[in-house]
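Report on the following structure.
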Amino acid sequence: MPDTIRKFQYQGAEKLLLPATPEAFETLRQWLVAIAGDLHFSGLNRNRMLIAADEIFSNIAKYGYPSEPGKASVEVNFNMKTKTLNIIFSDAGVAFNPLLIPEPDTDAPLEKRTSGGLGIFMVKKLMDKVEYRRENNFNILTISKKMDVD
């Protein structure tokens with residue numbers, strides 16, 4: 001039986017290792033655009049993937065390493081059978097489960113809303129599945145989306 005999981009490599013490595021800085025997202029973005037092109041994703045699915053990945057990586061860069069620069073790794077795979085894209089972010093920053101943030105009340109008047117929490121809310125809406133675990137002092141966040149492929 002052939003493998004149903006297609007793993008993507010970045011310059012021969014199974015994971016893309018980046019400094020956890022906002023500027024480093026451009027490298028990840030270019031890799032994800034290439035993967036989307038390779039898999040013939042629709043423009044809508046490609047954009048959803050990029051928005052969600054940008055939000056997750058930005059949060060790692062902004063909050064994961066408050067006192068010193070750190071690194072984040074990203075791996076990407078595609079389940080050919082279920083047509084599901086998985087992007088796995090891993091960092092050794094501050095332990096934080098974004099899924100524990102209460103969902104914002106988007107119906108409340110602006111003056112009664114609290115700041116924060118909209119980014120992960122948006123990621124949950126854009127993706128089909130968002131999972132978090134803490135393992136060996138690493139935050140591991142996986143975002144998954146069933147993709148329409150041409």
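In the structure tokens, chains take letters A, B, ... by order of appearance, with residues numbered from 1 within each chain and ligands from 1 in the order shown.
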May I have all residues of segment 46-108 of chain A that DSSP, computed from the backbone, assigns to alpha helix (DSSP H), given as a ChimeraX atom specification? /A:46-59
Contact residues around Ala36 of chain A with only C-alpha atoms at 10 Å, ignoring same-chain residues under 2 positions, as a ChimeraX atom specification: /A:30-34,38-43,45-47,49-50,85,147,149
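One finds atom CA of Leu99 of chain A at 26.3 Å from atom CA of Glu14 of chain A.
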Fewer than 4 positions away in the same chain doesn't count, so skip those; otherwise give me all residues within 10 Å of Pro102 of chain A, counting only C-alpha atoms, as an MDAnalysis selection string. chainID A and resid 98 117:118 120:121
